[in-house]
$ cat run_20.json   # JSON, C-alpha atoms
[["chain", "number", "residue", "atom", "x", "y", "z"],
["A", 1287, "MET", "CA", 79.46, 82.66, 127.91],
["A", 1288, "THR", "CA", 80.53, 84.25, 124.62],
["A", 1289, "PHE", "CA", 84.01, 84.95, 125.98],
["A", 1290, "VAL", "CA", 84.33, 81.45, 127.45],
["A", 1291, "ARG", "CA", 83.07, 79.81, 124.24],
["A", 1292, "ALA", "CA", 85.52, 81.82, 122.15],
["A", 1293, "ARG", "CA", 88.45, 80.90, 124.38],
["A", 1294, "VAL", "CA", 87.53, 77.21, 124.34],
["A", 1295, "LEU", "CA", 87.25, 77.19, 120.55],
["A", 1296, "MET", "CA", 90.52, 79.08, 120.20],
["A", 1297, "ALA", "CA", 92.24, 76.48, 122.36],
["A", 1298, "LEU", "CA", 90.69, 73.66, 120.35],
["A", 1299, "TYR", "CA", 91.75, 75.07, 116.98],
["A", 1300, "GLY", "CA", 95.18, 75.80, 118.42],
["A", 1301, "LEU", "CA", 95.61, 72.13, 119.25],
["A", 1302, "LEU", "CA", 94.24, 71.01, 115.88],
["A", 1303, "SER", "CA", 96.59, 73.40, 114.13],
["A", 1304, "SER", "CA", 99.59, 72.15, 116.11],
["A", 1305, "PHE", "CA", 98.97, 68.43, 115.62],
["A", 1306, "GLY", "CA", 96.59, 68.12, 112.65],
["A", 1307, "ARG", "CA", 97.71, 66.57, 109.36],
["A", 1308, "ARG", "CA", 94.51, 66.66, 107.34],
["A", 1309, "SER", "CA", 94.65, 68.84, 104.23],
["A", 1310, "LEU", "CA", 93.00, 72.25, 104.51],
["A", 1311, "VAL", "CA", 91.94, 72.06, 100.86],
["A", 1312, "GLU", "CA", 90.07, 69.79, 98.48],
["A", 1313, "PRO", "CA", 89.26, 69.87, 94.75],
["A", 1314, "ASP", "CA", 86.24, 71.77, 93.43],
["A", 1315, "GLY", "CA", 85.83, 74.17, 96.34],
["A", 1316, "PRO", "CA", 85.93, 77.96, 96.02],
["A", 1317, "VAL", "CA", 89.22, 79.77, 96.58],
["A", 1318, "VAL", "CA", 89.30, 81.31, 100.07],
["A", 1319, "SER", "CA", 91.36, 84.43, 100.62],
["A", 1320, "LEU", "CA", 92.19, 86.41, 103.74],
["A", 1321, "THR", "CA", 94.77, 88.85, 105.00],
["A", 1322, "SER", "CA", 96.35, 89.78, 108.30],
["A", 1323, "TYR", "CA", 98.80, 92.25, 109.77],
["A", 1324, "GLY", "CA", 100.55, 93.22, 112.99],
["A", 1325, "GLN", "CA", 99.60, 91.30, 116.12],
["A", 1326, "ARG", "CA", 96.76, 89.57, 114.27],
["A", 1327, "VAL", "CA", 99.27, 87.35, 112.46],
["A", 1328, "ARG", "CA", 99.81, 85.53, 115.78],
["A", 1329, "VAL", "CA", 96.25, 84.17, 115.75],
["A", 1330, "VAL", "CA", 95.27, 84.06, 112.06],
["A", 1331, "HIS", "CA", 96.16, 80.36, 111.98],
["A", 1332, "LEU", "CA", 93.11, 79.73, 114.17],
["A", 1333, "ALA", "CA", 90.78, 81.26, 111.59],
["A", 1334, "ILE", "CA", 92.50, 79.28, 108.83],
["A", 1335, "GLU", "CA", 92.21, 76.03, 110.79],
["A", 1336, "SER", "CA", 88.49, 76.62, 111.35],
["A", 1337, "ILE", "CA", 87.99, 77.10, 107.59],
["A", 1338, "GLY", "CA", 89.98, 73.96, 106.78],
["A", 1339, "ARG", "CA", 87.81, 71.94, 109.17],
["A", 1340, "GLY", "CA", 84.62, 72.82, 107.31],
["A", 1341, "ARG", "CA", 82.23, 70.40, 105.64],
["A", 1342, "LYS", "CA", 83.22, 72.12, 102.41],
["A", 1343, "ARG", "CA", 86.91, 72.93, 102.11],
["A", 1344, "PRO", "CA", 88.41, 75.45, 99.70],
["A", 1345, "SER", "CA", 90.37, 74.44, 96.60],
["A", 1346, "ARG", "CA", 93.01, 76.97, 97.68],
["A", 1347, "ILE", "CA", 93.42, 79.01, 100.83],
["A", 1348, "LEU", "CA", 95.44, 82.20, 100.39],
["A", 1349, "LEU", "CA", 96.90, 84.45, 103.06],
["A", 1350, "TRP", "CA", 98.05, 87.82, 101.68],
["A", 1351, "LEU", "CA", 100.69, 89.71, 103.67],
["A", 1352, "ASP", "CA", 102.30, 93.07, 102.93],
["A", 1353, "ASP", "CA", 105.30, 92.41, 105.20],
["A", 1354, "PRO", "CA", 108.06, 90.71, 103.12],
["A", 1355, "GLY", "CA", 109.74, 89.48, 106.31],
["A", 1356, "LEU", "CA", 106.62, 87.59, 107.35],
["A", 1357, "VAL", "CA", 106.22, 86.12, 103.88],
["A", 1358, "GLU", "CA", 109.80, 84.85, 103.92],
["A", 1359, "ALA", "CA", 109.76, 83.72, 107.56],
["A", 1360, "PRO", "CA", 106.20, 83.27, 108.81],
["A", 1361, "PRO", "CA", 105.58, 82.32, 112.44],
["A", 1362, "ARG", "CA", 105.72, 78.62, 113.26],
["A", 1363, "SER", "CA", 101.94, 78.50, 113.62],
["A", 1364, "LEU", "CA", 101.65, 79.34, 109.92],
["A", 1365, "GLN", "CA", 104.62, 77.26, 108.80],
["A", 1366, "ARG", "CA", 102.82, 74.16, 110.04],
["A", 1367, "LEU", "CA", 99.88, 74.97, 107.77],
["A", 1368, "LEU", "CA", 101.99, 75.40, 104.62],
["A", 1369, "GLY", "CA", 102.33, 71.65, 104.25],
["A", 1370, "ARG", "CA", 98.55, 71.24, 104.53],
["A", 1371, "GLY", "CA", 97.61, 73.57, 101.69],
["A", 1372, "LEU", "CA", 97.99, 77.13, 102.96],
["A", 1373, "GLU", "CA", 99.61, 79.56, 100.51],
["A", 1374, "ILE", "CA", 101.25, 82.72, 101.90],
["A", 1375, "LEU", "CA", 101.59, 85.43, 99.25],
["A", 1376, "ALA", "CA", 103.14, 88.89, 99.17],
["A", 1377, "CYS", "CA", 101.17, 91.95, 98.10],
["A", 1378, "PRO", "CA", 101.23, 95.73, 98.48],
["A", 1379, "ASP", "CA", 99.57, 97.27, 101.52],
["A", 1380, "TYR", "CA", 96.01, 97.52, 100.24],
["A", 1381, "GLY", "CA", 94.58, 97.38, 103.77],
["A", 1382, "PRO", "CA", 91.38, 95.28, 103.95],
["A", 1383, "HIS", "CA", 91.24, 95.24, 100.14],
["A", 1384, "LYS", "CA", 94.03, 92.64, 100.31],
["A", 1385, "LYS", "CA", 91.34, 90.01, 100.87],
["A", 1386, "TYR", "CA", 90.19, 90.20, 97.25],
["A", 1387, "PHE", "CA", 92.09, 92.72, 95.11],
["A", 1388, "PRO", "CA", 95.47, 90.94, 94.73],
["A", 1389, "PHE", "CA", 93.63, 87.81, 93.63],
["A", 1390, "ALA", "CA", 91.50, 89.84, 91.22],
["A", 1391, "LEU", "CA", 94.72, 90.99, 89.55],
["A", 1392, "THR", "CA", 95.93, 87.45, 88.90],
["A", 1393, "ARG", "CA", 93.76, 86.69, 85.86],
["A", 1394, "GLU", "CA", 92.76, 88.46, 82.66],
["A", 1395, "GLU", "CA", 89.53, 86.49, 82.82],
["A", 1396, "HIS", "CA", 88.50, 84.74, 85.99],
["A", 1397, "CYS", "CA", 86.97, 81.29, 86.11],
["A", 1398, "ASP", "CA", 87.30, 80.65, 89.87],
["A", 1399, "THR", "CA", 84.94, 81.79, 92.59],
["A", 1400, "LEU", "CA", 86.54, 83.66, 95.49],
["A", 1401, "VAL", "CA", 85.37, 83.79, 99.10],
["A", 1402, "SER", "CA", 86.91, 86.40, 101.39],
["A", 1403, "ALA", "CA", 87.32, 85.66, 105.09],
["A", 1404, "ASP", "CA", 88.37, 87.63, 108.16],
["A", 1405, "ASP", "CA", 91.41, 86.90, 110.30],
["A", 1406, "ASP", "CA", 89.84, 87.51, 113.71],
["A", 1407, "VAL", "CA", 86.88, 85.10, 113.77],
["A", 1408, "LEU", "CA", 86.32, 81.35, 113.95],
["A", 1409, "TYR", "CA", 84.10, 79.88, 111.25],
["A", 1410, "PRO", "CA", 81.56, 77.07, 111.74],
["A", 1411, "ARG", "CA", 81.77, 73.89, 109.72],
["A", 1412, "GLN", "CA", 78.87, 74.79, 107.40],
["A", 1413, "TRP", "CA", 80.15, 78.31, 106.63],
["A", 1414, "LEU", "CA", 81.71, 77.68, 103.21],
["A", 1415, "ALA", "CA", 79.22, 75.00, 102.19],
["A", 1416, "PHE", "CA", 76.29, 77.42, 102.50],
["A", 1417, "LEU", "CA", 78.02, 79.97, 100.27],
["A", 1418, "ALA", "CA", 79.14, 77.38, 97.70],
["A", 1419, "ASN", "CA", 75.68, 75.81, 97.48],
["A", 1420, "ALA", "CA", 73.99, 79.20, 97.11],
["A", 1421, "SER", "CA", 76.33, 80.09, 94.26],
["A", 1422, "ILE", "CA", 75.06, 77.10, 92.29],
["A", 1423, "GLN", "CA", 71.58, 78.59, 92.42],
["A", 1424, "GLN", "CA", 72.69, 82.19, 91.77],
["A", 1425, "PRO", "CA", 76.00, 81.97, 89.89],
["A", 1426, "GLU", "CA", 76.12, 85.68, 88.93],
["A", 1427, "ALA", "CA", 75.43, 87.09, 92.39],
["A", 1428, "ILE", "CA", 77.74, 88.35, 95.10],
["A", 1429, "LEU", "CA", 76.68, 86.32, 98.13],
["A", 1430, "ALA", "CA", 77.23, 86.96, 101.82],
["A", 1431, "HIS", "CA", 76.07, 85.58, 105.15],
["A", 1432, "ARG", "CA", 75.45, 89.16, 106.25],
["A", 1433, "VAL", "CA", 73.82, 91.61, 103.87],
["A", 1434, "ASP", "CA", 72.52, 94.90, 105.20],
["A", 1435, "ARG", "CA", 69.69, 96.80, 103.57],
["A", 1436, "ALA", "CA", 69.94, 100.56, 103.17],
["A", 1437, "ALA", "CA", 67.30, 102.50, 105.08],
["A", 1438, "VAL", "CA", 65.73, 105.60, 103.56],
["A", 1439, "ALA", "CA", 64.25, 108.39, 105.64],
["A", 1440, "ASP", "CA", 62.90, 111.78, 104.50],
["A", 1441, "GLY", "CA", 64.26, 111.33, 101.00],
["A", 1442, "VAL", "CA", 67.84, 110.59, 102.01],
["A", 1443, "ILE", "CA", 69.86, 107.47, 102.75],
["A", 1444, "ALA", "CA", 69.82, 107.01, 106.52],
["A", 1445, "PRO", "CA", 73.08, 106.59, 108.51],
["A", 1446, "TYR", "CA", 74.58, 103.15, 108.05],
["A", 1447, "ALA", "CA", 74.36, 102.34, 111.76],
["A", 1448, "SER", "CA", 70.54, 102.40, 111.48],
["A", 1449, "TRP", "CA", 70.27, 99.91, 108.60],
["A", 1450, "GLY", "CA", 68.68, 96.53, 109.14],
["A", 1451, "ARG", "CA", 69.44, 93.12, 107.63],
["A", 1452, "ALA", "CA", 68.41, 92.06, 104.15],
["A", 1453, "HIS", "CA", 66.62, 88.70, 103.93],
["A", 1454, "ASP", "CA", 64.86, 88.84, 100.54],
["A", 1455, "PRO", "CA", 66.85, 86.96, 97.85],
["A", 1456, "ALA", "CA", 65.58, 89.33, 95.15],
["A", 1457, "PRO", "CA", 68.31, 91.64, 93.77],
["A", 1458, "SER", "CA", 68.13, 95.19, 95.09],
["A", 1459, "PRO", "CA", 70.43, 98.24, 94.82],
["A", 1460, "ARG", "CA", 69.80, 98.72, 98.55],
["A", 1461, "ASN", "CA", 71.62, 95.51, 99.46],
["A", 1462, "PHE", "CA", 75.08, 95.93, 101.01],
["A", 1463, "ALA", "CA", 77.26, 92.86, 101.59],
["A", 1464, "VAL", "CA", 79.30, 92.98, 104.81],
["A", 1465, "GLY", "CA", 82.69, 91.31, 104.81],
["A", 1466, "VAL", "CA", 82.83, 90.20, 108.44],
["A", 1467, "LYS", "CA", 80.99, 86.93, 107.83],
["A", 1468, "GLY", "CA", 82.46, 86.16, 104.43],
["A", 1469, "VAL", "CA", 81.65, 87.30, 100.90],
["A", 1470, "LEU", "CA", 81.53, 85.15, 97.76],
["A", 1471, "TYR", "CA", 82.57, 86.84, 94.51],
["A", 1472, "PRO", "CA", 81.68, 85.08, 91.24],
["A", 1473, "PRO", "CA", 84.22, 85.26, 88.41],
["A", 1474, "GLY", "CA", 82.50, 88.18, 86.70],
["A", 1475, "ALA", "CA", 82.60, 90.26, 89.87],
["A", 1476, "LEU", "CA", 86.34, 89.63, 90.18],
["A", 1477, "ASP", "CA", 86.83, 90.89, 86.62],
["A", 1478, "GLU", "CA", 84.85, 94.03, 87.49],
["A", 1479, "LEU", "CA", 86.88, 94.66, 90.65],
["A", 1480, "ARG", "CA", 90.12, 94.22, 88.71],
["A", 1481, "ASP", "CA", 88.98, 96.61, 86.00],
["A", 1482, "ALA", "CA", 87.89, 99.19, 88.60],
["A", 1483, "GLY", "CA", 91.54, 99.54, 89.55],
["A", 1484, "ASN", "CA", 93.09, 100.59, 92.82],
["A", 1485, "SER", "CA", 91.83, 104.15, 93.23],
["A", 1486, "PHE", "CA", 90.46, 102.92, 96.56],
["A", 1487, "VAL", "CA", 94.00, 103.47, 97.87],
["A", 1488, "GLU", "CA", 93.27, 107.20, 97.78],
["A", 1489, "THR", "CA", 89.51, 107.25, 98.26],
["A", 1490, "ALA", "CA", 88.61, 104.32, 100.55],
["A", 1491, "PRO", "CA", 91.81, 102.71, 101.90],
["A", 1492, "ARG", "CA", 90.14, 101.22, 105.00],
["A", 1493, "SER", "CA", 86.63, 100.64, 103.64],
["A", 1494, "ALA", "CA", 86.62, 97.55, 101.43],
["A", 1495, "ASP", "CA", 82.89, 96.99, 101.95],
["A", 1496, "ILE", "CA", 81.97, 100.40, 100.57],
["A", 1497, "TRP", "CA", 84.22, 99.89, 97.56],
["A", 1498, "PHE", "CA", 83.19, 96.43, 96.39],
["A", 1499, "ASN", "CA", 79.50, 97.20, 96.95],
["A", 1500, "LEU", "CA", 79.87, 100.38, 94.88],
["A", 1501, "VAL", "CA", 81.56, 98.43, 92.06],
["A", 1502, "ALA", "CA", 78.74, 95.87, 92.22],
["A", 1503, "LEU", "CA", 76.11, 98.62, 92.04],
["A", 1504, "ARG", "CA", 77.76, 100.23, 89.02],
["A", 1505, "HIS", "CA", 77.63, 96.91, 87.18],
["A", 1506, "ARG", "CA", 74.14, 96.02, 88.41],
["A", 1507, "ARG", "CA", 75.72, 92.98, 90.02],
["A", 1508, "PRO", "CA", 73.16, 91.36, 92.40],
["A", 1509, "VAL", "CA", 74.11, 91.28, 96.09],
["A", 1510, "VAL", "CA", 72.14, 88.53, 97.82],
["A", 1511, "PRO", "CA", 71.99, 87.26, 101.42],
["A", 1512, "VAL", "CA", 72.60, 83.59, 102.16],
["A", 1513, "GLU", "CA", 70.18, 82.39, 104.81],
["A", 1514, "GLY", "CA", 70.53, 79.50, 107.23],
["A", 1515, "LEU", "CA", 73.69, 80.16, 109.21],
["A", 1516, "PRO", "CA", 72.82, 80.66, 112.90],
["A", 1517, "ILE", "CA", 73.37, 84.23, 114.10],
["A", 1518, "ARG", "CA", 76.09, 83.33, 116.60],
["A", 1519, "ALA", "CA", 77.73, 80.58, 114.55],
["A", 1520, "ILE", "CA", 80.69, 82.80, 113.63],
["A", 1521, "VAL", "CA", 82.66, 83.44, 116.82],
["A", 1522, "PRO", "CA", 84.90, 86.51, 117.23],
["A", 1523, "MET", "CA", 88.25, 85.75, 118.84],
["A", 1524, "ARG", "CA", 88.57, 87.01, 122.40],
["A", 1525, "GLY", "CA", 91.32, 87.63, 124.90],
["A", 1526, "VAL", "CA", 93.91, 88.90, 122.41],
["A", 1527, "ASP", "CA", 94.74, 92.47, 121.40],
["A", 1528, "LEU", "CA", 93.66, 92.76, 117.77],
["A", 1529, "GLY", "CA", 93.65, 96.56, 117.65],
["A", 1530, "GLU", "CA", 90.75, 98.75, 116.58],
["A", 1531, "SER", "CA", 88.18, 96.92, 114.47],
["A", 1532, "LEU", "CA", 87.00, 98.27, 111.14],
["A", 1533, "MET", "CA", 83.46, 98.09, 112.53],
["A", 1534, "GLU", "CA", 84.43, 100.74, 115.07],
["A", 1535, "SER", "CA", 85.90, 103.17, 112.55],
["A", 1536, "ASN", "CA", 83.63, 102.50, 109.57],
["A", 1537, "VAL", "CA", 80.27, 102.21, 111.32],
["A", 1538, "VAL", "CA", 80.38, 103.71, 114.81],
["A", 1539, "ARG", "CA", 82.52, 106.66, 113.71],
["A", 1540, "GLY", "CA", 80.58, 107.14, 110.49],
["A", 1541, "ARG", "CA", 83.32, 106.57, 107.90],
["A", 1542, "ASN", "CA", 81.02, 104.51, 105.67],
["A", 1543, "ASP", "CA", 78.47, 107.33, 105.52],
["A", 1544, "ARG", "CA", 81.07, 109.97, 104.66],
["A", 1545, "LEU", "CA", 82.60, 107.82, 101.93],
["A", 1546, "ARG", "CA", 79.23, 106.97, 100.44],
["A", 1547, "ASP", "CA", 78.42, 110.68, 100.19],
["A", 1548, "VAL", "CA", 81.72, 111.32, 98.41],
["A", 1549, "LEU", "CA", 81.94, 108.28, 96.12],
["A", 1550, "PHE", "CA", 78.37, 107.69, 94.99],
["A", 1551, "THR", "CA", 77.17, 109.60, 91.94],
["A", 1552, "GLU", "CA", 73.72, 111.15, 91.93],
["A", 1553, "ALA", "CA", 72.44, 108.31, 89.73],
["A", 1554, "GLU", "CA", 73.79, 105.74, 92.21],
["A", 1555, "ARG", "CA", 72.16, 107.55, 95.13],
["A", 1556, "GLN", "CA", 68.87, 107.63, 93.26],
["A", 1557, "ALA", "CA", 69.10, 103.91, 92.53],
["A", 1558, "VAL", "CA", 69.40, 103.27, 96.26],
["A", 1559, "LEU", "CA", 66.72, 105.80, 97.23],
["A", 1560, "ARG", "CA", 64.22, 104.45, 94.70],
["A", 1561, "ASP", "CA", 65.34, 100.82, 94.98],
["A", 1562, "ASP", "CA", 65.56, 100.76, 91.19],
["A", 1563, "TYR", "CA", 68.52, 99.72, 89.03],
["A", 1564, "ASP", "CA", 67.01, 101.62, 86.09],
["A", 1565, "CYS", "CA", 68.17, 104.87, 87.70],
["A", 1566, "LEU", "CA", 71.73, 103.98, 86.80]]
$ encode --input "run_20.json" --output "structure tokens"
Amino acid sequence: MTFVRARVLMALYGLLSSFGRRSLVEPDGPVVSLTSYGQRVRVVHLAIESIGRGRKRPSRILLWLDDPGLVEAPPRSLQRLLGRGLEILACPDYGPHKKYFPFALTREEHCDTLVSADDDVLYPRQWLAFLANASIQQPEAILAHRVDRAAVADGVIAPYASWGRAHDPAPSPRNFAVGVKGVLYPPGALDELRDAGNSFVETAPRSADIWFNLVALRHRRPVVPVEGLPIRAIVPMRGVDLGESLMESNVVRGRNDRLRDVLFTEAERQAVLRDDYDCL
């Protein structure tokens, strides 16, 4: 049923994208940012349409592309969305970091909230509203629909694939926001990511989650789960060749664990092991 449901929703959003005229944006919403590449560009309009159909719409919706040809001459499916509020912007090839880093570079001091989205899923109507409402209550926190909690075993951080979900809203250095379901960055977090620079190009080019969680930990920035969205509300696209997922390489193949061992200082490891920011 998951495959059938995905295909039905893809067809629906395809029709809405082809014939819809309603604006994808509205005042006072967060900025939503996503990126795409290769064959994924053929279906990214479906993800964008699903976001623009939400109960809460973004104030801007940005699609970052590192292919100048696509920026100058996007496919017709994206051209139709330009008149409804989509902005297509050029950026260097920062890999998955394109979802947030180019925007972080646009201001010396941020005042907007940014929500990153993925290009290969369909979002439910309440997706952005839940994040925006939660940010009113916790304006300094990085918020995500999926936050994992680091597991500790025998005095070491257990492999990422064995971690469970975080549900407690209390800040913890063991919390790890996962980008697949969307991450909300408050203005201060965007300033911190900008100031951290782009050394991820050399150290973590395909692991945006590791990088922005590490920057948050170094600044004691709370990472908090947003509860309420049904588990299967976000629907992965099916029936199209999207290439290898980052979940496969970063989790199943252990890239996140190797990068954490390399990038985290001893103080940062101790903060996670002891669940105590005072170790930093």
$ closest_residue --input "run_20.json" --among "A:Ser1303, A:Leu1391, A:Arg1555, A:Pro1354" --to "A:Leu1367" --atoms "all atoms listed in the file"
A:Ser1303
$ residues_around --input "run_20.json" --residues "A:Trp1449" --least-positions-apart "5" --cutoff "7 Å" --atoms "all atoms listed in the file" --output "PDB file with C-alpha atoms, in the coordinates of the input"
ATOM      1  CA  ASP A1434      72.520  94.900 105.200  1.00  0.00           C
ATOM      2  CA  ARG A1435      69.690  96.800 103.570  1.00  0.00           C
ATOM      3  CA  ALA A1436      69.940 100.560 103.170  1.00  0.00           C
ATOM      4  CA  ALA A1437      67.300 102.500 105.080  1.00  0.00           C
TER       5      ALA A1437
END
$ residues_near_point --input "run_20.json" --point "(93.7, 86.9, 104.5)" --cutoff "12 Å" --atoms "only C-alpha atoms" --output "number ranges by chain"
A: 1317-1323, 1326-1327, 1329-1331, 1333-1334, 1337, 1347-1352, 1372-1377, 1380-1389, 1400-1407, 1465, 1468
$ closest_residue --input "run_20.json" --among "A:Ile1520, A:Cys1397, A:Leu1332, A:Leu1545" --to "A:Ala1297" --atoms "only C-alpha atoms"
A:Leu1332
$ residues_around --input "run_20.json" --residues "A:Tyr1299" --least-positions-apart "3" --cutoff "7 Å" --atoms "all atoms listed in the file" --output "count of residues only"
7
$ closest_residue --input "run_20.json" --among "A:Arg1393, A:Arg1507, A:Arg1524, A:Arg1544" --to "A:Ala1475" --atoms "all atoms listed in the file"
A:Arg1507
$ atom_distance --input "run_20.json" --atom1 "atom CA of A:His1396" --atom2 "atom CA of A:Ala1418"
16.7 Å
$ closest_residue --input "run_20.json" --among "A:Ala1415, A:Leu1476, A:Ala1557, A:Leu1566" --to "A:Pro1459" --atoms "all atoms listed in the file"
A:Ala1557
$ closest_residue --input "run_20.json" --among "A:Val1509, A:Val1526, A:Ala1482, A:Ala1502" --to "A:Ile1428" --atoms "only C-alpha atoms"
A:Val1509
$ atom_distance --input "run_20.json" --atom1 "atom CA of A:Pro1316" --atom2 "atom CA of A:Leu1414"
8.3 Å
$ atom_distance --input "run_20.json" --atom1 "atom CA of A:Ala1427" --atom2 "atom CA of A:Pro1508"
4.8 Å
